[in-house]
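The data block below is data03.cif; it holds mmCIF, C-alpha atoms.
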```cif
data_model
loop_
_atom_site.group_PDB
_atom_site.id
_atom_site.type_symbol
_atom_site.label_atom_id
_atom_site.label_comp_id
_atom_site.auth_asym_id
_atom_site.auth_seq_id
_atom_site.Cartn_x
_atom_site.Cartn_y
_atom_site.Cartn_z
ATOM 1 C CA MET A 1 -38.011 -14.839 -22.459
ATOM 2 C CA THR A 2 -35.022 -12.506 -22.402
ATOM 3 C CA THR A 3 -34.314 -9.489 -20.266
ATOM 4 C CA ASN A 4 -33.038 -6.486 -22.180
ATOM 5 C CA LEU A 5 -32.203 -3.048 -20.827
ATOM 6 C CA LEU A 6 -30.940 -1.654 -24.133
ATOM 7 C CA LYS A 7 -32.752 1.323 -25.580
ATOM 8 C CA GLU A 8 -33.256 0.225 -29.151
ATOM 9 C CA LYS A 9 -35.215 1.923 -31.911
ATOM 10 C CA SER A 10 -36.016 -0.321 -34.817
ATOM 11 C CA ALA A 11 -38.910 -1.133 -37.106
ATOM 12 C CA PRO A 12 -42.348 0.414 -36.575
ATOM 13 C CA ALA A 13 -43.860 -0.568 -33.247
ATOM 14 C CA ALA A 14 -47.006 0.083 -31.247
ATOM 15 C CA ALA A 15 -47.406 0.612 -27.519
ATOM 16 C CA PHE A 16 -50.453 0.064 -25.346
ATOM 17 C CA THR A 17 -51.835 2.287 -22.600
ATOM 18 C CA GLY A 18 -55.114 2.114 -20.773
ATOM 19 C CA HIS A 19 -56.979 2.151 -17.544
ATOM 20 C CA ARG A 20 -56.493 -0.382 -14.788
ATOM 21 C CA ASN A 21 -60.070 -0.442 -13.539
ATOM 22 C CA ILE A 22 -62.157 -2.097 -16.212
ATOM 23 C CA ALA A 23 -65.287 -4.087 -15.426
ATOM 24 C CA HIS A 24 -64.607 -7.776 -15.971
ATOM 25 C CA ALA A 25 -67.792 -8.005 -18.069
ATOM 26 C CA GLN A 26 -66.152 -5.660 -20.619
ATOM 27 C CA TYR A 27 -63.059 -7.849 -21.104
ATOM 28 C CA PRO A 28 -64.367 -9.899 -24.076
ATOM 29 C CA GLN A 29 -65.488 -6.793 -25.996
ATOM 30 C CA ILE A 30 -62.248 -4.931 -25.315
ATOM 31 C CA LYS A 31 -60.139 -7.958 -26.224
ATOM 32 C CA GLY A 32 -62.049 -8.191 -29.514
ATOM 33 C CA GLN A 33 -61.324 -4.511 -30.194
ATOM 34 C CA LEU A 34 -57.682 -5.098 -29.333
ATOM 35 C CA LYS A 35 -57.390 -7.964 -31.806
ATOM 36 C CA ILE A 36 -58.832 -5.777 -34.563
ATOM 37 C CA ALA A 37 -56.425 -2.950 -33.632
ATOM 38 C CA ILE A 38 -53.467 -5.359 -33.620
ATOM 39 C CA TYR A 39 -54.470 -6.756 -37.017
ATOM 40 C CA ASN A 40 -54.927 -3.264 -38.493
ATOM 41 C CA SER A 41 -51.531 -2.260 -37.080
ATOM 42 C CA TYR A 42 -50.036 -5.353 -38.676
ATOM 43 C CA LEU A 43 -51.466 -4.301 -42.043
ATOM 44 C CA GLN A 44 -49.628 -0.966 -41.550
ATOM 45 C CA GLY A 45 -46.301 -2.782 -41.067
ATOM 46 C CA ILE A 46 -46.162 -2.964 -37.287
ATOM 47 C CA ARG A 47 -44.711 -6.194 -35.949
ATOM 48 C CA LYS A 48 -43.537 -5.208 -32.452
ATOM 49 C CA PHE A 49 -45.903 -4.393 -29.587
ATOM 50 C CA TYR A 50 -44.849 -2.857 -26.260
ATOM 51 C CA CYS A 51 -46.900 -3.489 -23.146
ATOM 52 C CA GLY A 52 -46.413 -2.138 -19.620
ATOM 53 C CA CYS A 53 -48.066 -5.190 -18.021
ATOM 54 C CA ALA A 54 -50.226 -3.337 -15.490
ATOM 55 C CA VAL A 55 -53.550 -4.766 -14.344
ATOM 56 C CA GLY A 56 -56.519 -4.021 -16.590
ATOM 57 C CA PHE A 57 -56.037 -2.902 -20.175
ATOM 58 C CA ASP A 58 -52.304 -3.669 -20.308
ATOM 59 C CA LEU A 59 -52.677 -7.343 -19.462
ATOM 60 C CA LEU A 60 -55.639 -7.652 -21.828
ATOM 61 C CA ALA A 61 -53.535 -6.117 -24.598
ATOM 62 C CA ALA A 62 -50.617 -8.447 -23.924
ATOM 63 C CA GLU A 63 -52.901 -11.471 -23.944
ATOM 64 C CA ALA A 64 -54.479 -10.310 -27.214
ATOM 65 C CA VAL A 65 -51.039 -10.010 -28.861
ATOM 66 C CA LEU A 66 -50.093 -13.472 -27.639
ATOM 67 C CA GLU A 67 -53.354 -14.913 -28.985
ATOM 68 C CA MET A 68 -52.829 -13.166 -32.350
ATOM 69 C CA LYS A 69 -49.366 -14.739 -32.703
ATOM 70 C CA GLY A 70 -51.099 -17.901 -33.885
ATOM 71 C CA GLN A 71 -52.441 -15.970 -36.864
ATOM 72 C CA LEU A 72 -49.700 -13.346 -37.314
ATOM 73 C CA HIS A 73 -46.555 -15.402 -36.784
ATOM 74 C CA ASP A 74 -44.033 -12.562 -37.073
ATOM 75 C CA ILE A 75 -45.438 -10.229 -34.393
ATOM 76 C CA THR A 76 -43.593 -9.864 -31.098
ATOM 77 C CA LEU A 77 -44.548 -8.809 -27.606
ATOM 78 C CA SER A 78 -42.109 -6.800 -25.512
ATOM 79 C CA ALA A 79 -43.085 -6.575 -21.856
ATOM 80 C CA VAL A 80 -41.803 -3.355 -20.300
ATOM 81 C CA VAL A 81 -41.703 -3.734 -16.526
ATOM 82 C CA PRO A 82 -41.172 -0.525 -14.531
ATOM 83 C CA TYR A 83 -39.555 -2.325 -11.571
ATOM 84 C CA ARG A 84 -38.796 -5.926 -10.720
ATOM 85 C CA ASN A 85 -41.656 -6.537 -8.248
ATOM 86 C CA GLN A 86 -44.379 -4.725 -10.195
ATOM 87 C CA CYS A 87 -46.920 -7.453 -9.439
ATOM 88 C CA GLU A 88 -46.418 -7.403 -5.651
ATOM 89 C CA ARG A 89 -49.833 -5.795 -5.030
ATOM 90 C CA PHE A 90 -51.773 -7.589 -7.776
ATOM 91 C CA SER A 91 -54.539 -10.016 -6.851
ATOM 92 C CA SER A 92 -53.500 -13.656 -7.107
ATOM 93 C CA SER A 93 -55.370 -14.095 -10.414
ATOM 94 C CA ALA A 94 -53.832 -10.935 -11.902
ATOM 95 C CA ARG A 95 -50.403 -12.038 -10.669
ATOM 96 C CA GLN A 96 -50.838 -15.379 -12.455
ATOM 97 C CA ARG A 97 -51.875 -13.630 -15.694
ATOM 98 C CA TYR A 98 -48.874 -11.279 -15.347
ATOM 99 C CA HIS A 99 -46.433 -14.177 -14.921
ATOM 100 C CA ASP A 100 -48.025 -16.015 -17.871
ATOM 101 C CA VAL A 101 -47.540 -12.915 -20.055
ATOM 102 C CA LEU A 102 -43.899 -12.511 -18.997
ATOM 103 C CA GLU A 103 -43.235 -16.192 -19.652
ATOM 104 C CA LYS A 104 -44.689 -15.990 -23.180
ATOM 105 C CA ALA A 105 -43.370 -12.532 -24.136
ATOM 106 C CA ASP A 106 -40.626 -12.396 -26.740
ATOM 107 C CA ASP A 107 -38.591 -10.157 -24.478
ATOM 108 C CA VAL A 108 -38.895 -8.492 -21.099
ATOM 109 C CA MET A 109 -37.297 -5.161 -20.207
ATOM 110 C CA ILE A 110 -37.044 -4.556 -16.463
ATOM 111 C CA LEU A 111 -36.306 -0.857 -16.177
ATOM 112 C CA GLY A 112 -35.425 -0.773 -12.468
ATOM 113 C CA GLU A 113 -34.919 -2.909 -9.416
ATOM 114 C CA GLU A 114 -37.007 -0.881 -6.971
ATOM 115 C CA TYR A 115 -40.203 1.157 -7.072
ATOM 116 C CA HIS A 116 -39.762 4.940 -7.191
ATOM 117 C CA ALA A 117 -42.245 7.776 -7.674
ATOM 118 C CA ARG A 118 -41.796 8.176 -11.456
ATOM 119 C CA CYS A 119 -41.120 4.558 -12.441
ATOM 120 C CA PHE A 120 -44.485 4.062 -14.172
ATOM 121 C CA LEU A 121 -44.142 7.315 -16.127
ATOM 122 C CA GLU A 122 -40.597 6.352 -17.132
ATOM 123 C CA ARG A 123 -41.955 3.009 -18.353
ATOM 124 C CA ASN A 124 -44.568 4.852 -20.421
ATOM 125 C CA ASP A 125 -41.893 7.196 -21.826
ATOM 126 C CA TYR A 126 -39.775 4.181 -22.778
ATOM 127 C CA MET A 127 -42.617 2.676 -24.783
ATOM 128 C CA VAL A 128 -43.717 5.929 -26.478
ATOM 129 C CA GLU A 129 -40.144 6.792 -27.504
ATOM 130 C CA ARG A 130 -39.863 3.470 -29.338
ATOM 131 C CA SER A 131 -43.285 3.453 -30.975
ATOM 132 C CA SER A 132 -44.923 4.840 -34.062
ATOM 133 C CA LEU A 133 -48.487 4.187 -32.819
ATOM 134 C CA LEU A 134 -50.264 4.212 -29.471
ATOM 135 C CA ILE A 135 -53.211 1.888 -28.924
ATOM 136 C CA ALA A 136 -55.145 3.267 -25.976
ATOM 137 C CA TYR A 137 -58.158 2.714 -23.795
ATOM 138 C CA PHE A 138 -58.553 6.300 -22.588
ATOM 139 C CA ASP A 139 -61.770 7.731 -21.129
ATOM 140 C CA GLY A 140 -60.704 11.383 -21.476
ATOM 141 C CA ASN A 141 -59.988 11.995 -17.781
ATOM 142 C CA HIS A 142 -57.137 14.494 -17.499
ATOM 143 C CA LYS A 143 -55.399 12.638 -14.663
ATOM 144 C CA GLY A 144 -53.285 9.515 -14.358
ATOM 145 C CA GLY A 145 -50.851 7.485 -16.380
ATOM 146 C CA THR A 146 -53.107 6.894 -19.378
ATOM 147 C CA PHE A 147 -53.664 10.632 -19.780
ATOM 148 C CA TYR A 148 -49.925 11.239 -19.374
ATOM 149 C CA THR A 149 -49.053 8.644 -22.011
ATOM 150 C CA CYS A 150 -51.659 9.812 -24.536
ATOM 151 C CA HIS A 151 -50.514 13.401 -24.048
ATOM 152 C CA LYS A 152 -46.857 12.372 -24.464
ATOM 153 C CA ALA A 153 -47.656 10.424 -27.645
ATOM 154 C CA ALA A 154 -49.688 13.299 -29.098
ATOM 155 C CA SER A 155 -46.877 15.776 -28.368
ATOM 156 C CA ARG A 156 -44.523 13.491 -30.318
ATOM 157 C CA GLY A 157 -46.974 13.329 -33.229
ATOM 158 C CA LEU A 158 -47.843 9.659 -32.773
ATOM 159 C CA PRO A 159 -51.243 8.542 -34.006
ATOM 160 C CA ILE A 160 -53.469 7.298 -31.190
ATOM 161 C CA ASN A 161 -56.012 4.565 -31.741
ATOM 162 C CA ASN A 162 -58.359 5.025 -28.778
ATOM 163 C CA LEU A 163 -60.576 1.984 -28.263
ATOM 164 C CA TYR A 164 -62.627 3.550 -25.462
ATOM 165 C CA THR A 165 -66.351 3.970 -26.028
ATOM 166 C CA ALA A 166 -68.628 5.489 -23.398
#
```
Taking this structure as input, can you express it in the form of structure tokens?
Amino acid sequence: MTTNLLKEKSAPAAAFTGHRNIAHAQYPQIKGQLKIAIYNSYLQGIRKFYCGCAVGFDLLAAEAVLEMKGQLHDITLSAVVPYRNQCERFSSSARQRYHDVLEKADDVMILGEEYHARCFLERNDYMVERSSLLIAYFDGNHKGGTFYTCHKAASRGLPINNLYTA
């Protein structure tokens, strides 16, 4: 694991965004959808995946990328952390998953030392600016970070692969 604050733009990459509150019973189905989306992205030339490491969809996405590394050896996971103590309010199980993801990620970008009002949006901007695809779990609600990120990606002309099904 390395920490990198540089703002690089390189080969095609995908970013993840999605809701935090997902029923635990849906995790296996969503993780299966994520693996298919990662594989399809790989077939389009994407090797780098950005993840914001929030509870819910983000951690599922990161875990799916890490699991797919056994099959797709040249993919990488970049964890983009909005501030150093992001996991301070996570449940103990979510905190453990978060630390496992950071430990196994190819690189970790910590964008700030302290929480501030826009830190999560700045994290989302960071990922969208470096990506050519957004893989989302977006229910269509016009509020919150997932809406913000999907809107930002669409305004930049990025394709959005929305895995949400009602």
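Using all atoms listed in the file for every distance, the candidate list A:Asn21, A:Met109, A:Thr76, A:His142 yields A:Thr76 as the residue closest to Ile38 (chain A).
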> Just how far from CA of Ala14 (chain A) is CA of Arg47 (chain A), in Å to one decimal?
Replying inline: 8.2 Å
> If you apply the PyMOL selection byres ((chain A and resi 128) around 10) to this file, what residues do you get, as a PyMOL selection string?
Replying inline: chain A and resi 13-17+50+122-127+129-134+149-150+152-154+156+158
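Taking all atoms listed in the file into account, Phe57 (chain A) lies nearest to A:Tyr137 out of the set A:Tyr39, A:Tyr137, A:Tyr115, A:Phe90.
Going from CA of Ser41 (chain A) to CA of Asn161 (chain A) covers 9.8 Å.
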> Hey, what comes out of the PyMOL selection byres ((chain A and resi 138) around 7) on this file? Could you write it as an MDAnalysis selection string?
Replying inline: chainID A and resid 18:19 136:137 139:140 146 162 164
Final N, CA, C and O atoms of region 125-142 of chain A as a PDB file, keeping the file's coordinate frame:
```pdb
ATOM      1  N   ASP A 125     -42.802   6.461 -20.938  1.00  0.00           N
ATOM      2  CA  ASP A 125     -41.893   7.196 -21.826  1.00  0.00           C
ATOM      3  C   ASP A 125     -41.087   6.236 -22.686  1.00  0.00           C
ATOM      4  O   ASP A 125     -40.925   6.456 -23.894  1.00  0.00           O
ATOM      5  N   TYR A 126     -40.571   5.191 -22.075  1.00  0.00           N
ATOM      6  CA  TYR A 126     -39.775   4.181 -22.778  1.00  0.00           C
ATOM      7  C   TYR A 126     -40.551   3.614 -23.967  1.00  0.00           C
ATOM      8  O   TYR A 126     -40.033   3.509 -25.080  1.00  0.00           O
ATOM      9  N   MET A 127     -41.804   3.276 -23.728  1.00  0.00           N
ATOM     10  CA  MET A 127     -42.617   2.676 -24.783  1.00  0.00           C
ATOM     11  C   MET A 127     -42.948   3.691 -25.877  1.00  0.00           C
ATOM     12  O   MET A 127     -42.852   3.380 -27.068  1.00  0.00           O
ATOM     13  N   VAL A 128     -43.344   4.902 -25.496  1.00  0.00           N
ATOM     14  CA  VAL A 128     -43.717   5.929 -26.478  1.00  0.00           C
ATOM     15  C   VAL A 128     -42.520   6.299 -27.350  1.00  0.00           C
ATOM     16  O   VAL A 128     -42.656   6.444 -28.567  1.00  0.00           O
ATOM     17  N   GLU A 129     -41.343   6.415 -26.752  1.00  0.00           N
ATOM     18  CA  GLU A 129     -40.144   6.792 -27.504  1.00  0.00           C
ATOM     19  C   GLU A 129     -39.777   5.769 -28.564  1.00  0.00           C
ATOM     20  O   GLU A 129     -39.092   6.096 -29.538  1.00  0.00           O
ATOM     21  N   ARG A 130     -40.219   4.548 -28.415  1.00  0.00           N
ATOM     22  CA  ARG A 130     -39.863   3.470 -29.338  1.00  0.00           C
ATOM     23  C   ARG A 130     -41.008   3.083 -30.271  1.00  0.00           C
ATOM     24  O   ARG A 130     -40.912   2.110 -30.992  1.00  0.00           O
ATOM     25  N   SER A 131     -42.083   3.835 -30.227  1.00  0.00           N
ATOM     26  CA  SER A 131     -43.285   3.453 -30.975  1.00  0.00           C
ATOM     27  C   SER A 131     -43.660   4.468 -32.035  1.00  0.00           C
ATOM     28  O   SER A 131     -43.309   5.641 -31.942  1.00  0.00           O
ATOM     29  N   SER A 132     -44.394   3.978 -33.012  1.00  0.00           N
ATOM     30  CA  SER A 132     -44.923   4.840 -34.062  1.00  0.00           C
ATOM     31  C   SER A 132     -46.454   4.902 -34.000  1.00  0.00           C
ATOM     32  O   SER A 132     -47.071   5.566 -34.820  1.00  0.00           O
ATOM     33  N   LEU A 133     -47.035   4.212 -33.013  1.00  0.00           N
ATOM     34  CA  LEU A 133     -48.487   4.187 -32.819  1.00  0.00           C
ATOM     35  C   LEU A 133     -48.765   3.882 -31.357  1.00  0.00           C
ATOM     36  O   LEU A 133     -48.066   3.072 -30.747  1.00  0.00           O
ATOM     37  N   LEU A 134     -49.800   4.521 -30.820  1.00  0.00           N
ATOM     38  CA  LEU A 134     -50.264   4.212 -29.471  1.00  0.00           C
ATOM     39  C   LEU A 134     -51.680   3.660 -29.569  1.00  0.00           C
ATOM     40  O   LEU A 134     -52.557   4.290 -30.163  1.00  0.00           O
ATOM     41  N   ILE A 135     -51.881   2.483 -29.007  1.00  0.00           N
ATOM     42  CA  ILE A 135     -53.211   1.888 -28.924  1.00  0.00           C
ATOM     43  C   ILE A 135     -53.664   2.070 -27.484  1.00  0.00           C
ATOM     44  O   ILE A 135     -53.024   1.570 -26.556  1.00  0.00           O
ATOM     45  N   ALA A 136     -54.749   2.833 -27.308  1.00  0.00           N
ATOM     46  CA  ALA A 136     -55.145   3.267 -25.976  1.00  0.00           C
ATOM     47  C   ALA A 136     -56.561   2.828 -25.632  1.00  0.00           C
ATOM     48  O   ALA A 136     -57.380   2.533 -26.508  1.00  0.00           O
ATOM     49  N   TYR A 137     -56.811   2.831 -24.341  1.00  0.00           N
ATOM     50  CA  TYR A 137     -58.158   2.714 -23.795  1.00  0.00           C
ATOM     51  C   TYR A 137     -58.275   3.865 -22.802  1.00  0.00           C
ATOM     52  O   TYR A 137     -57.996   3.718 -21.615  1.00  0.00           O
ATOM     53  N   PHE A 138     -58.620   5.046 -23.338  1.00  0.00           N
ATOM     54  CA  PHE A 138     -58.553   6.300 -22.588  1.00  0.00           C
ATOM     55  C   PHE A 138     -59.918   6.956 -22.541  1.00  0.00           C
ATOM     56  O   PHE A 138     -60.493   7.297 -23.578  1.00  0.00           O
ATOM     57  N   ASP A 139     -60.432   7.183 -21.315  1.00  0.00           N
ATOM     58  CA  ASP A 139     -61.770   7.731 -21.129  1.00  0.00           C
ATOM     59  C   ASP A 139     -61.838   9.254 -21.163  1.00  0.00           C
ATOM     60  O   ASP A 139     -62.897   9.835 -20.986  1.00  0.00           O
ATOM     61  N   GLY A 140     -60.714   9.930 -21.382  1.00  0.00           N
ATOM     62  CA  GLY A 140     -60.704  11.383 -21.476  1.00  0.00           C
ATOM     63  C   GLY A 140     -60.411  12.104 -20.180  1.00  0.00           C
ATOM     64  O   GLY A 140     -60.251  13.324 -20.178  1.00  0.00           O
ATOM     65  N   ASN A 141     -60.302  11.377 -19.067  1.00  0.00           N
ATOM     66  CA  ASN A 141     -59.988  11.995 -17.781  1.00  0.00           C
ATOM     67  C   ASN A 141     -58.563  12.555 -17.809  1.00  0.00           C
ATOM     68  O   ASN A 141     -57.625  11.854 -18.166  1.00  0.00           O
ATOM     69  N   HIS A 142     -58.422  13.803 -17.416  1.00  0.00           N
ATOM     70  CA  HIS A 142     -57.137  14.494 -17.499  1.00  0.00           C
ATOM     71  C   HIS A 142     -56.248  14.242 -16.290  1.00  0.00           C
ATOM     72  O   HIS A 142     -55.539  15.144 -15.832  1.00  0.00           O
TER      73      HIS A 142
END
```
